[in-house]
$ cat final.cif   # mmCIF, C-alpha atoms
data_final
#
loop_
_atom_site.label_atom_id
_atom_site.label_comp_id
_atom_site.auth_asym_id
_atom_site.auth_seq_id
_atom_site.Cartn_x
_atom_site.Cartn_y
_atom_site.Cartn_z
CA MET A 1 95.90 105.76 77.70
CA PRO A 2 94.33 108.91 79.20
CA HIS A 3 96.48 111.86 80.23
CA ILE A 4 96.47 112.53 83.97
CA ASP A 5 98.39 115.51 85.32
CA ARG A 6 101.11 114.68 87.81
CA VAL A 7 100.62 115.26 91.52
CA VAL A 8 100.80 118.79 92.88
CA PHE A 9 102.32 118.44 96.36
CA ILE A 10 102.37 122.12 97.35
CA ASN A 11 99.17 123.37 98.95
CA PRO A 12 97.34 125.41 96.28
CA GLU A 13 96.34 127.85 99.02
CA ARG A 14 99.91 128.43 100.18
CA LYS A 15 100.74 132.07 100.95
CA PRO A 16 103.99 133.74 102.02
CA MET A 17 104.74 134.63 105.62
CA PRO A 18 103.25 135.81 107.90
CA ASN A 19 100.15 134.02 106.52
CA TYR A 20 101.96 130.80 105.57
CA PHE A 21 99.70 128.37 107.45
CA THR A 22 96.13 127.74 106.31
CA GLU A 23 93.39 127.07 108.84
CA PRO A 24 93.40 123.24 108.39
CA GLU A 25 97.19 123.25 108.84
CA LEU A 26 96.78 124.73 112.32
CA GLU A 27 94.71 121.73 113.45
CA VAL A 28 97.30 120.10 115.76
CA THR A 29 98.25 123.21 117.73
CA ARG A 30 94.64 124.37 117.96
CA MET A 31 93.39 121.00 119.25
CA ALA A 32 96.28 120.76 121.71
CA GLU A 33 95.57 124.20 123.13
CA GLN A 34 91.83 123.55 123.39
CA GLY A 35 92.12 119.98 124.65
CA THR A 36 89.75 118.83 121.90
CA PRO A 37 88.71 115.15 122.35
CA GLN A 38 89.53 112.95 119.40
CA GLN A 39 87.88 109.83 118.01
CA VAL A 40 89.67 106.78 116.66
CA ILE A 41 89.35 106.39 112.90
CA GLU A 42 88.27 102.91 111.83
CA TYR A 43 87.87 101.65 108.30
CA MET A 44 88.30 98.61 106.08
CA THR A 45 90.75 98.40 103.21
CA ILE A 46 90.68 96.95 99.72
CA VAL A 47 93.81 96.18 97.71
CA ARG A 48 93.75 96.79 93.95
CA GLU A 49 96.56 95.25 91.91
CA TYR A 50 97.76 96.71 88.62
CA TRP A 51 100.27 95.11 86.25
CA ALA A 52 102.56 96.55 83.58
CA PRO A 53 102.09 98.03 81.04
CA PHE A 54 99.33 99.72 83.14
CA ASN A 55 96.71 100.10 80.42
CA TYR A 56 94.03 101.18 82.89
CA PRO A 57 91.67 104.17 82.64
CA ASN A 58 92.93 105.56 85.97
CA PHE A 59 96.64 105.29 85.05
CA CYS A 60 98.95 107.51 83.01
CA VAL A 61 102.45 106.33 82.08
CA GLU A 62 105.02 108.91 80.95
CA LEU A 63 108.12 107.03 79.82
CA GLY A 64 110.19 110.20 79.61
CA ARG A 65 112.85 110.84 76.98
CA THR A 66 112.57 108.42 74.08
CA ASP A 67 114.26 110.32 71.23
CA PRO A 68 117.18 109.89 71.39
CA TYR A 69 116.86 106.58 73.20
CA VAL A 70 118.17 106.63 76.78
CA GLY A 71 116.64 103.37 78.02
CA ALA A 72 113.05 104.38 78.82
CA GLU A 73 110.80 101.69 77.37
CA PHE A 74 108.22 98.96 77.80
CA ASN A 75 110.09 95.67 77.97
CA GLU A 76 109.68 92.05 79.07
CA ASP A 77 110.16 92.94 82.75
CA GLY A 78 107.76 95.89 82.92
CA VAL A 79 107.80 99.66 82.51
CA GLU A 80 111.29 101.14 82.59
CA LEU A 81 110.87 104.84 83.28
CA ASP A 82 113.38 107.50 82.43
CA GLU A 83 115.13 108.88 85.50
CA PRO A 84 113.32 111.61 87.50
CA PRO A 85 111.88 114.04 86.69
CA TYR A 86 111.35 112.84 83.12
CA GLY A 87 109.54 109.55 83.67
CA ALA A 88 106.50 109.07 85.90
CA ILE A 89 103.45 106.91 86.55
CA THR A 90 100.40 108.78 87.86
CA PHE A 91 97.15 107.19 89.01
CA VAL A 92 93.92 108.14 90.75
CA GLU A 93 91.28 106.26 92.72
CA ASP A 94 87.67 107.05 93.61
CA ASP A 95 88.36 105.92 97.17
CA PRO A 96 91.02 107.41 99.48
CA ILE A 97 94.47 105.92 98.85
CA VAL A 98 96.22 104.91 102.09
CA GLY A 99 98.91 102.53 100.82
CA VAL A 100 101.03 101.87 97.73
CA GLU A 101 103.44 99.04 96.96
CA VAL A 102 105.76 99.03 93.96
CA ILE A 103 107.39 95.79 92.78
CA GLY A 104 110.14 95.81 90.19
CA SER A 105 113.87 95.63 89.54
CA ALA A 106 116.75 98.04 89.13
CA CYS A 107 118.95 98.38 86.08
CA VAL A 108 121.95 99.23 88.24
CA PRO A 109 121.17 98.35 91.89
CA PRO A 110 120.53 99.64 94.40
CA GLY A 111 117.33 101.14 93.05
CA PHE A 112 114.89 103.66 94.48
CA VAL A 113 111.21 104.59 94.28
CA GLN A 114 109.80 108.07 94.94
CA LEU A 115 106.15 108.76 95.76
CA PHE A 116 104.24 112.05 95.61
CA ALA A 117 100.57 112.36 96.62
CA GLU A 118 97.73 114.89 96.72
CA PRO A 119 95.95 114.59 100.09
CA LEU A 120 92.22 114.72 100.65
CA GLU A 121 92.93 117.43 103.22
CA TRP A 122 95.84 119.81 102.83
CA LYS A 123 97.34 119.82 106.32
CA PHE A 124 101.01 118.92 105.89
CA PRO A 125 102.48 122.43 105.73
CA ARG A 126 106.18 121.70 106.03
CA THR A 127 106.45 118.34 104.29
CA GLY A 128 103.80 117.77 101.67
CA ILE A 129 103.29 114.08 100.91
CA LYS A 130 106.65 113.11 99.44
CA MET A 131 108.32 109.79 100.27
CA LYS A 132 111.30 107.79 99.03
CA VAL A 133 112.55 104.24 99.50
CA ASP A 134 116.26 103.76 98.78
CA ASN A 135 118.70 100.86 98.64
CA LEU A 136 116.44 98.43 96.77
CA TRP A 137 118.30 95.19 95.98
CA GLY A 138 117.75 93.18 92.81
CA GLU A 139 118.34 93.75 89.12
CA HIS A 140 117.13 92.48 85.77
CA LEU A 141 120.00 91.08 83.72
CA ARG A 142 121.41 93.23 80.95
CA TRP A 143 121.57 91.64 77.51
CA GLU A 144 125.35 91.50 77.63
CA LEU A 145 125.11 89.22 80.66
CA ILE A 146 122.45 87.01 79.06
CA GLU A 147 124.56 86.74 75.91
CA ALA A 148 127.47 85.72 78.14
CA GLY A 149 125.40 82.80 79.41
CA LEU A 150 123.90 84.06 82.66
CA THR A 151 120.26 83.43 83.63
CA GLU A 152 117.83 84.68 86.26
CA GLY A 153 119.64 82.34 88.63
CA TRP A 154 122.56 84.81 88.83
CA ARG A 155 123.19 86.05 92.37
CA THR A 156 122.16 89.69 91.86
CA ALA A 157 119.16 89.03 89.62
CA GLY A 158 115.89 89.58 91.46
CA LEU A 159 112.94 91.75 92.37
CA SER A 160 112.53 94.38 95.06
CA SER A 161 109.52 96.09 96.61
CA ALA A 162 108.89 99.54 98.04
CA HIS A 163 106.07 99.90 100.57
CA PHE A 164 104.42 103.24 101.36
CA SER A 165 101.77 104.06 103.96
CA LEU A 166 100.38 107.53 103.38
CA PRO A 167 97.70 109.94 104.57
CA PRO A 168 94.39 109.58 102.70
CA SER A 169 95.08 110.82 99.18
CA LYS A 170 93.29 111.14 95.85
CA LYS A 171 96.21 111.02 93.40
CA VAL A 172 99.70 109.49 93.40
CA THR A 173 102.73 109.95 91.16
CA ILE A 174 105.57 107.41 91.17
CA MET A 175 109.10 108.08 89.91
CA THR A 176 111.89 105.51 89.93
CA GLY A 177 115.57 105.05 89.21
CA SER A 178 118.87 103.42 90.12
CA GLN A 179 122.56 104.27 90.21
CA HIS A 180 124.75 106.34 87.90
CA ASP A 181 127.55 103.80 87.89
CA MET A 182 131.00 104.14 86.35
CA ALA A 183 130.94 102.41 82.99
CA ASP A 184 132.21 102.38 79.45
CA LEU A 185 129.99 103.81 76.72
CA ASP A 186 126.74 101.89 77.02
CA ILE A 187 124.95 102.65 73.78
CA LYS A 188 125.52 105.49 71.35
CA ASN A 189 124.26 108.27 73.59
CA MET A 190 124.56 107.28 77.27
CA ARG A 191 127.11 105.98 79.75
CA HIS A 192 124.72 104.74 82.38
CA ASP A 193 121.45 102.84 82.74
CA ALA A 194 120.08 104.45 85.89
CA HIS A 195 116.53 103.15 85.64
CA TYR A 196 114.11 100.96 87.59
CA CYS A 197 111.62 98.64 85.87
CA THR A 198 108.16 98.56 87.48
CA ARG A 199 106.12 95.37 87.11
CA ILE A 200 103.31 95.61 89.70
CA ILE A 201 101.67 98.46 91.63
CA ARG A 202 99.36 97.50 94.49
CA VAL A 203 97.10 100.25 95.76
CA THR A 204 95.32 100.08 99.14
CA VAL A 205 92.17 102.18 99.41
CA ARG A 206 90.01 103.01 102.42
CA LYS A 207 86.35 101.98 102.66
CA PRO A 208 83.84 102.68 105.46
CA LEU A 209 83.15 99.83 107.88
CA LYS A 210 80.00 97.96 106.95
#

$ encode --input "final.cif" --output "structure tokens"
Amino acid sequence: MPHIDRVVFINPERKPMPNYFTEPELEVTRMAEQGTPQQVIEYMTIVREYWAPFNYPNFCVELGRTDPYVGAEFNEDGVELDEPPYGAITFVEDDPIVGVEVIGSACVPPGFVQLFAEPLEWKFPRTGIKMKVDNLWGEHLRWELIEAGLTEGWRTAGLSSAHFSLPPSKKVTIMTGSQHDMADLDIKNMRHDAHYCTRIIRVTVRKPLK
């Protein structure tokens, strides 16, 4: 699997005040003052679907801390990343990325998915492209529950999905996790299992109208 650096979400041309804003970042106020006519942007989209373990040339999976073991692993349900900022999945596309969907399950619901992106044009001066979806229902059963006789039919077992629409971007980094719940000693070196297991990532890219 190739190494791909994680997203940089701070404008590389950022300067301190009073020169904080770059010229592209002044676009909205400039166009408003000048009354600049705008044109509707039209395009077609293509969805590309990627499945765990994400052995693709445009993907890089960083499990996070694995020694000592804290739960980050490849397992039967997908890629279980270490909690942020240790674990991450980063991917790139040749075409502008305008949408990302993440499908998976929490270890300790509710789960969450964070998205960071590098835009084609740096013009988001006070936000960057950072998004988060919280309160994701659904968990994969822990082995203790399976050993006790439960199956995927159990009421809290299930998948969740996080949907992101984003400005045209060239690179995306995903981080995931779930709750730090109150529990007895889990395994030898942790008292929680605050992870999220990612199974599918669907990426929507922009193409010119034919």

$ closest_atom_pairs --input "final.cif" --of "region 46-118 of chain A" --to "region 192-199 of chain A" --cutoff "10 Å" --atoms "all atoms listed in the file" --output "CSV"
residue,atom,partner,partner_atom,distance
A:Tyr50,CA,A:Arg199,CA,8.6
A:Trp51,CA,A:Arg199,CA,5.9
A:Ala52,CA,A:Arg199,CA,5.2
A:Pro53,CA,A:Arg199,CA,7.8
A:Phe54,CA,A:Arg199,CA,9.0
A:Val70,CA,A:Asp193,CA,7.8
A:Gly71,CA,A:Asp193,CA,6.8
A:Ala72,CA,A:His195,CA,7.8
A:Glu73,CA,A:Cys197,CA,9.1
A:Phe74,CA,A:Cys197,CA,8.8
A:Asn75,CA,A:Cys197,CA,8.6
A:Glu76,CA,A:Arg199,CA,9.4
A:Asp77,CA,A:Arg199,CA,6.4
A:Gly78,CA,A:Arg199,CA,4.5
A:Val79,CA,A:Thr198,CA,5.1
A:Glu80,CA,A:Cys197,CA,4.1
A:Leu81,CA,A:His195,CA,6.4
A:Asp82,CA,A:His195,CA,6.3
A:Glu83,CA,A:His195,CA,5.9
A:Pro84,CA,A:His195,CA,9.2
A:Gly87,CA,A:His195,CA,9.7
A:Ile89,CA,A:Thr198,CA,9.6
A:Val102,CA,A:Thr198,CA,6.9
A:Ile103,CA,A:Arg199,CA,5.8
A:Gly104,CA,A:Thr198,CA,4.3
A:Ser105,CA,A:Cys197,CA,5.3
A:Ala106,CA,A:Tyr196,CA,4.2
A:Cys107,CA,A:His195,CA,5.4
A:Val108,CA,A:Ala194,CA,6.0
A:Pro109,CA,A:Ala194,CA,8.6
A:Pro110,CA,A:Tyr196,CA,9.5
A:Gly111,CA,A:Tyr196,CA,6.3
A:Phe112,CA,A:Tyr196,CA,7.4
A:Val113,CA,A:Tyr196,CA,8.1

$ closest_residue --input "final.cif" --among "A:Val133, A:Leu159, A:Val40, A:Phe124" --to "Glu23 (chain A)" --atoms "all atoms listed in the file"
A:Phe124

$ atom_distance --input "final.cif" --atom1 "CA of Thr173 (chain A)" --atom2 "CA of Lys207 (chain A)"
21.5 Å

$ atom_distance --input "final.cif" --atom1 "CA of Leu166 (chain A)" --atom2 "CA of Ala117 (chain A)"
8.3 Å

$ residues_around --input "final.cif" --residues "Leu141 (chain A)" --least-positions-apart "2" --cutoff "9 Å" --atoms "all atoms listed in the file" --output "number ranges by chain"
A: 107, 139, 143-146, 150-152, 154, 156-158

$ atom_distance --input "final.cif" --atom1 "CA of His140 (chain A)" --atom2 "CA of Asp181 (chain A)"
15.5 Å

$ closest_residue --input "final.cif" --among "A:Asn58, A:Thr66, A:Gln39, A:Asn19" --to "Val172 (chain A)" --atoms "all atoms listed in the file"
A:Asn58

$ closest_residue --input "final.cif" --among "A:Pro2, A:Phe9, A:Phe59, A:Phe91" --to "Lys130 (chain A)" --atoms "only C-alpha atoms"
A:Phe9

$ resolve_selection --input "final.cif" --expression "the PyMOL selection byres ((chain A and resi 11) around 8)" --output "mmCIF file with C-alpha atoms, in the frame of the given file"
data_model
loop_
_atom_site.group_PDB
_atom_site.id
_atom_site.type_symbol
_atom_site.label_atom_id
_atom_site.label_comp_id
_atom_site.auth_asym_id
_atom_site.auth_seq_id
_atom_site.Cartn_x
_atom_site.Cartn_y
_atom_site.Cartn_z
ATOM 1 C CA VAL A 8 100.800 118.790 92.880
ATOM 2 C CA PHE A 9 102.320 118.440 96.360
ATOM 3 C CA ILE A 10 102.370 122.120 97.350
ATOM 4 C CA PRO A 12 97.340 125.410 96.280
ATOM 5 C CA GLU A 13 96.340 127.850 99.020
ATOM 6 C CA ARG A 14 99.910 128.430 100.180
ATOM 7 C CA TRP A 122 95.840 119.810 102.830
ATOM 8 C CA PRO A 125 102.480 122.430 105.730
ATOM 9 C CA GLY A 128 103.800 117.770 101.670
#
